[in-house]
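Peer 1: Got a structure for you, questions after.
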Amino acid sequence: MKSIASFDLQYAHRFYGFRGEAQYLHGHTGVMTIEVEDTINEGVNMVFPCNEIRKTAWDVLKNFDHALILREDDPLLPAILEVYKSQGILNGHPQNTMKGEAFKTELATAYPDARIVVTKETMTVEGMIKLTYDLLKDKLNIVKITFTSGVNAASCDFTTHNDIERCPLCGIALNEEGVCPKCGYRKKK
Ligand SMILES: [Zn+2]
Ligand SMILES: [Zn+2]
């Protein structure tokens, strides 16, 4: 069975070097849907709490919301950094509070203080799915990700490992010590 969560991401980007309108800087509201597959957790009669899928995903994907996503070789990047620097907002601002945890992977680096994500590949809907899966695959048993943005949409199916132990009382993932971070349930040895 599957538990499914969706959320919106508002971002700006462009396809550097692309022959088409998308080579110009523009924005989208993207809709990301993450499907988590596992057995039913009998204690709570659900696969995984949808609000917890959202929360886990949003912790990292917040980095893409109200953010500028540019490819690492895009000459707009140094230009934007220069403007943000002269404005004094490059390294954060008191009103830039809805920040995600910074991350750096093979595919992208997030700079939450500047609300910029620098990507290795062009940030198409396909690229966003690859990136999201890479960031969350160890935290959620993701079986499918769908991302729609304007008229573009893509989805990808993944094989799950079903080795994430869940709390029988509130359904969320237990930590490495076998303790539920939410309710304190402790797995019997
Ligand atoms: Zn676009
Ligand atoms: Zn719990």
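How things are named: the first chain in the structure tokens is A, the next is B, and so on; residues count from 1 in each chain; ligands count from 1 in the order shown.
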For ligand 1, list the contacting residues at 9 Å or closer, counting only C-alpha atoms and all ligand atoms, as a short mmCIF file (atom, residue, chain, number, x, y, z; two decimals) with C-alpha atoms, in the first residue's frame.
Peer 2:
```cif
data_model
loop_
_atom_site.label_atom_id
_atom_site.label_comp_id
_atom_site.auth_asym_id
_atom_site.auth_seq_id
_atom_site.Cartn_x
_atom_site.Cartn_y
_atom_site.Cartn_z
CA TYR A 11 10.85 28.92 -7.62
CA ALA A 12 12.65 30.75 -10.41
CA HIS A 13 15.00 29.19 -12.90
CA ARG A 14 16.02 29.09 -16.53
CA PHE A 15 17.48 26.52 -18.91
CA GLU A 21 11.63 30.60 -24.07
CA ALA A 22 12.95 28.72 -21.06
CA GLN A 23 16.41 30.21 -21.61
CA TYR A 24 14.94 33.37 -20.04
CA LEU A 25 14.65 33.65 -16.28
CA HIS A 26 11.07 32.80 -15.20
CA GLY A 27 9.13 31.36 -12.30
CA HIS A 28 6.78 28.48 -11.49
CA MET A 123 16.66 22.00 -13.50
CA THR A 124 13.88 20.46 -15.56
CA VAL A 125 11.00 18.59 -13.87
CA SER A 149 5.52 22.70 -13.14
CA GLY A 150 3.50 24.81 -15.57
CA ASN A 152 5.68 20.29 -17.77
#
```
Peer 1: Residues of range 65-100 of chain A that have any atom at most 8 Å from an atom of range 111-118 of chain A: could you tabulate them with the shortest-distance atom pair and the distance in Å to one decimal, using only C-alpha atoms, ordered by chain and increasing number, as a tab-separated table?
Peer 2:
```
residue	atom	partner	partner_atom	distance
A:His66	CA	A:Arg115	CA	7.0
A:Ala67	CA	A:Arg115	CA	4.7
A:Leu68	CA	A:Ile116	CA	4.8
A:Ile69	CA	A:Val117	CA	4.8
A:Leu70	CA	A:Val118	CA	5.2
A:Arg71	CA	A:Val118	CA	5.5
A:Glu72	CA	A:Val118	CA	5.5
A:Tyr84	CA	A:Ala114	CA	7.6
A:Ile89	CA	A:Ala114	CA	6.7
A:Leu90	CA	A:Ala114	CA	4.9
A:Asn91	CA	A:Asp113	CA	5.1
A:Gly92	CA	A:Asp113	CA	4.1
A:His93	CA	A:Asp113	CA	7.4
A:Asn96	CA	A:Asp113	CA	7.2
A:Lys99	CA	A:Pro112	CA	5.6
A:Gly100	CA	A:Pro112	CA	6.2
```
Peer 1: Can you tell me, as an MDAnalysis selection string, what residues are no more than 9 Å from Lys2 in chain A when counting only C-alpha atoms, ignoring any on the same chain fewer than 6 positions away?
Peer 2: chainID A and resid 35:40 46:48 143
Peer 1: Residues at most 12 Å from Asp138 in chain A, counting only C-alpha atoms, excluding those fewer than 5 positions away in the same chain, as JSON, numbers by chain?
Peer 2: {"A": [36, 56, 57, 132, 133, 160, 161, 162, 163, 164, 165, 173]}
Peer 1: Contacts of Met128 in chain A at 10 Å or less, counting only C-alpha atoms, minus same-chain residues fewer than 4 places along, as a PyMOL selection string?
Peer 2: chain A and resi 32+64+107+119+121-124+132-134+145-148+154
Peer 1: In Å to one decimal, how far is CA of Arg166 in chain A from CA of Lys144 in chain A?
Peer 2: 19.7 Å
Peer 1: Among range 122-159 of chain A, which residues carry a DSSP assignment of helix (DSSP H, G or I), reported as an mmCIF file with N, CA and C atoms, in the first residue's frame?
Peer 2:
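See out_19.cif below for the written result:
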```cif
data_model
loop_
_atom_site.group_PDB
_atom_site.id
_atom_site.type_symbol
_atom_site.label_atom_id
_atom_site.label_comp_id
_atom_site.auth_asym_id
_atom_site.auth_seq_id
_atom_site.Cartn_x
_atom_site.Cartn_y
_atom_site.Cartn_z
ATOM 1 N N VAL A 125 11.792 19.372 -14.830
ATOM 2 C CA VAL A 125 11.004 18.595 -13.865
ATOM 3 C C VAL A 125 11.682 17.236 -13.633
ATOM 4 N N GLU A 126 12.301 16.691 -14.672
ATOM 5 C CA GLU A 126 13.025 15.412 -14.530
ATOM 6 C C GLU A 126 14.212 15.584 -13.581
ATOM 7 N N GLY A 127 14.938 16.697 -13.765
ATOM 8 C CA GLY A 127 16.092 16.969 -12.920
ATOM 9 C C GLY A 127 15.690 17.116 -11.460
ATOM 10 N N MET A 128 14.535 17.761 -11.239
ATOM 11 C CA MET A 128 14.046 17.966 -9.871
ATOM 12 C C MET A 128 13.696 16.631 -9.213
ATOM 13 N N ILE A 129 13.164 15.707 -9.981
ATOM 14 C CA ILE A 129 12.818 14.380 -9.434
ATOM 15 C C ILE A 129 14.089 13.626 -9.039
ATOM 16 N N LYS A 130 15.094 13.659 -9.900
ATOM 17 C CA LYS A 130 16.359 12.970 -9.598
ATOM 18 C C LYS A 130 16.963 13.510 -8.310
ATOM 19 N N LEU A 131 16.964 14.845 -8.210
ATOM 20 C CA LEU A 131 17.528 15.513 -7.042
ATOM 21 C C LEU A 131 16.772 15.166 -5.754
ATOM 22 N N THR A 132 15.444 15.206 -5.847
ATOM 23 C CA THR A 132 14.603 14.938 -4.673
ATOM 24 C C THR A 132 14.799 13.507 -4.180
ATOM 25 N N TYR A 133 14.823 12.564 -5.121
ATOM 26 C CA TYR A 133 14.999 11.162 -4.735
ATOM 27 C C TYR A 133 16.340 10.983 -4.023
ATOM 28 N N ASP A 134 17.362 11.590 -4.584
ATOM 29 C CA ASP A 134 18.702 11.491 -4.010
ATOM 30 C C ASP A 134 18.748 12.053 -2.584
ATOM 31 N N LEU A 135 18.013 13.125 -2.339
ATOM 32 C CA LEU A 135 18.026 13.761 -1.017
ATOM 33 C C LEU A 135 17.213 12.979 0.026
ATOM 34 N N LEU A 136 16.209 12.235 -0.430
ATOM 35 C CA LEU A 136 15.267 11.629 0.529
ATOM 36 C C LEU A 136 15.243 10.109 0.564
#
```
Peer 1: Taking only C-alpha atoms and all ligand atoms into account, which residues have an atom no farther than 9 Å from ligand 2? I'd like them as a ChimeraX atom specification.
Peer 2: /A:166-174,179-186
Peer 1: Residues as selected, N, CA and C atoms, written as a JSON list (two decimals), in the first residue's frame, can you do that?
Peer 2:
```json
[["chain", "number", "residue", "atom", "x", "y", "z"],
["A", 166, "ARG", "N", 9.19, 1.64, 11.77],
["A", 166, "ARG", "CA", 8.24, 2.69, 12.14],
["A", 166, "ARG", "C", 7.68, 2.49, 13.54],
["A", 167, "CYS", "N", 7.37, 3.60, 14.19],
["A", 167, "CYS", "CA", 6.79, 3.56, 15.54],
["A", 167, "CYS", "C", 5.37, 2.98, 15.46],
["A", 168, "PRO", "N", 5.05, 1.96, 16.30],
["A", 168, "PRO", "CA", 3.70, 1.39, 16.25],
["A", 168, "PRO", "C", 2.65, 2.30, 16.89],
["A", 169, "LEU", "N", 3.11, 3.38, 17.54],
["A", 169, "LEU", "CA", 2.17, 4.27, 18.22],
["A", 169, "LEU", "C", 1.85, 5.53, 17.42],
["A", 170, "CYS", "N", 2.85, 6.06, 16.68],
["A", 170, "CYS", "CA", 2.55, 7.27, 15.89],
["A", 170, "CYS", "C", 3.01, 7.13, 14.43],
["A", 171, "GLY", "N", 3.63, 6.04, 14.07],
["A", 171, "GLY", "CA", 3.86, 5.75, 12.66],
["A", 171, "GLY", "C", 5.13, 6.29, 12.03],
["A", 172, "ILE", "N", 5.85, 7.17, 12.73],
["A", 172, "ILE", "CA", 7.02, 7.78, 12.09],
["A", 172, "ILE", "C", 8.26, 6.89, 12.23],
["A", 173, "ALA", "N", 9.32, 7.22, 11.52],
["A", 173, "ALA", "CA", 10.53, 6.40, 11.53],
["A", 173, "ALA", "C", 11.24, 6.46, 12.88],
["A", 174, "LEU", "N", 11.69, 5.31, 13.37],
["A", 174, "LEU", "CA", 12.47, 5.25, 14.61],
["A", 174, "LEU", "C", 13.90, 5.71, 14.30],
["A", 179, "VAL", "N", 14.41, 4.36, 18.90],
["A", 179, "VAL", "CA", 13.51, 5.19, 19.71],
["A", 179, "VAL", "C", 12.73, 6.13, 18.79],
["A", 180, "CYS", "N", 11.45, 6.32, 19.11],
["A", 180, "CYS", "CA", 10.63, 7.23, 18.32],
["A", 180, "CYS", "C", 10.94, 8.67, 18.74],
["A", 181, "PRO", "N", 11.38, 9.52, 17.79],
["A", 181, "PRO", "CA", 11.71, 10.90, 18.16],
["A", 181, "PRO", "C", 10.49, 11.73, 18.56],
["A", 182, "LYS", "N", 9.29, 11.21, 18.24],
["A", 182, "LYS", "CA", 8.09, 12.00, 18.53],
["A", 182, "LYS", "C", 7.48, 11.62, 19.88],
["A", 183, "CYS", "N", 7.25, 10.31, 20.10],
["A", 183, "CYS", "CA", 6.53, 9.92, 21.32],
["A", 183, "CYS", "C", 7.42, 9.20, 22.32],
["A", 184, "GLY", "N", 8.66, 8.89, 21.95],
["A", 184, "GLY", "CA", 9.57, 8.27, 22.91],
["A", 184, "GLY", "C", 9.46, 6.75, 23.00],
["A", 185, "TYR", "N", 8.59, 6.13, 22.17],
["A", 185, "TYR", "CA", 8.46, 4.67, 22.14],
["A", 185, "TYR", "C", 9.84, 4.06, 21.90],
["A", 186, "ARG", "N", 10.11, 2.98, 22.63],
["A", 186, "ARG", "CA", 11.40, 2.32, 22.50],
["A", 186, "ARG", "C", 11.16, 0.89, 22.01]]
```
Peer 1: Going by DSSP on the backbone, which bits of range 90-121 of chain A are strand (DSSP E or B)? Write them as a PyMOL selection string, please.
Peer 2: chain A and resi 104+108-111+116-119
Peer 1: Keeping only N, CA and C atoms, write the selected residues as a PDB file, in the first residue's frame.
Peer 2:
```pdb
ATOM      1  N   LYS A 104      24.665  19.590   0.315  1.00  0.00           N
ATOM      2  CA  LYS A 104      25.564  19.517  -0.830  1.00  0.00           C
ATOM      3  C   LYS A 104      25.592  18.065  -1.266  1.00  0.00           C
ATOM      4  N   ALA A 108      23.579  18.842  -6.540  1.00  0.00           N
ATOM      5  CA  ALA A 108      23.241  20.237  -6.223  1.00  0.00           C
ATOM      6  C   ALA A 108      23.809  20.686  -4.887  1.00  0.00           C
ATOM      7  N   THR A 109      23.928  22.009  -4.762  1.00  0.00           N
ATOM      8  CA  THR A 109      24.329  22.610  -3.487  1.00  0.00           C
ATOM      9  C   THR A 109      23.311  23.699  -3.157  1.00  0.00           C
ATOM     10  N   ALA A 110      22.795  23.667  -1.911  1.00  0.00           N
ATOM     11  CA  ALA A 110      21.813  24.667  -1.482  1.00  0.00           C
ATOM     12  C   ALA A 110      22.491  25.711  -0.614  1.00  0.00           C
ATOM     13  N   TYR A 111      22.180  26.961  -0.904  1.00  0.00           N
ATOM     14  CA  TYR A 111      22.667  28.090  -0.103  1.00  0.00           C
ATOM     15  C   TYR A 111      21.447  28.806   0.462  1.00  0.00           C
ATOM     16  N   ILE A 116      19.402  30.327  -2.918  1.00  0.00           N
ATOM     17  CA  ILE A 116      19.878  29.900  -4.233  1.00  0.00           C
ATOM     18  C   ILE A 116      20.237  28.415  -4.159  1.00  0.00           C
ATOM     19  N   VAL A 117      19.862  27.664  -5.179  1.00  0.00           N
ATOM     20  CA  VAL A 117      20.333  26.285  -5.307  1.00  0.00           C
ATOM     21  C   VAL A 117      21.115  26.208  -6.616  1.00  0.00           C
ATOM     22  N   VAL A 118      22.331  25.746  -6.540  1.00  0.00           N
ATOM     23  CA  VAL A 118      23.187  25.614  -7.715  1.00  0.00           C
ATOM     24  C   VAL A 118      23.180  24.142  -8.116  1.00  0.00           C
ATOM     25  N   THR A 119      22.816  23.889  -9.368  1.00  0.00           N
ATOM     26  CA  THR A 119      22.672  22.497  -9.803  1.00  0.00           C
ATOM     27  C   THR A 119      23.719  22.134 -10.848  1.00  0.00           C
TER      28      THR A 119
END
```
Peer 1: To one decimal place, how far is CA of Lys189 in chain A from CA of Asn41 in chain A in Å?
Peer 2: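 Value for the CA of Lys189 in chain A-CA of Asn41 in chain A distance: 18.5 Å.
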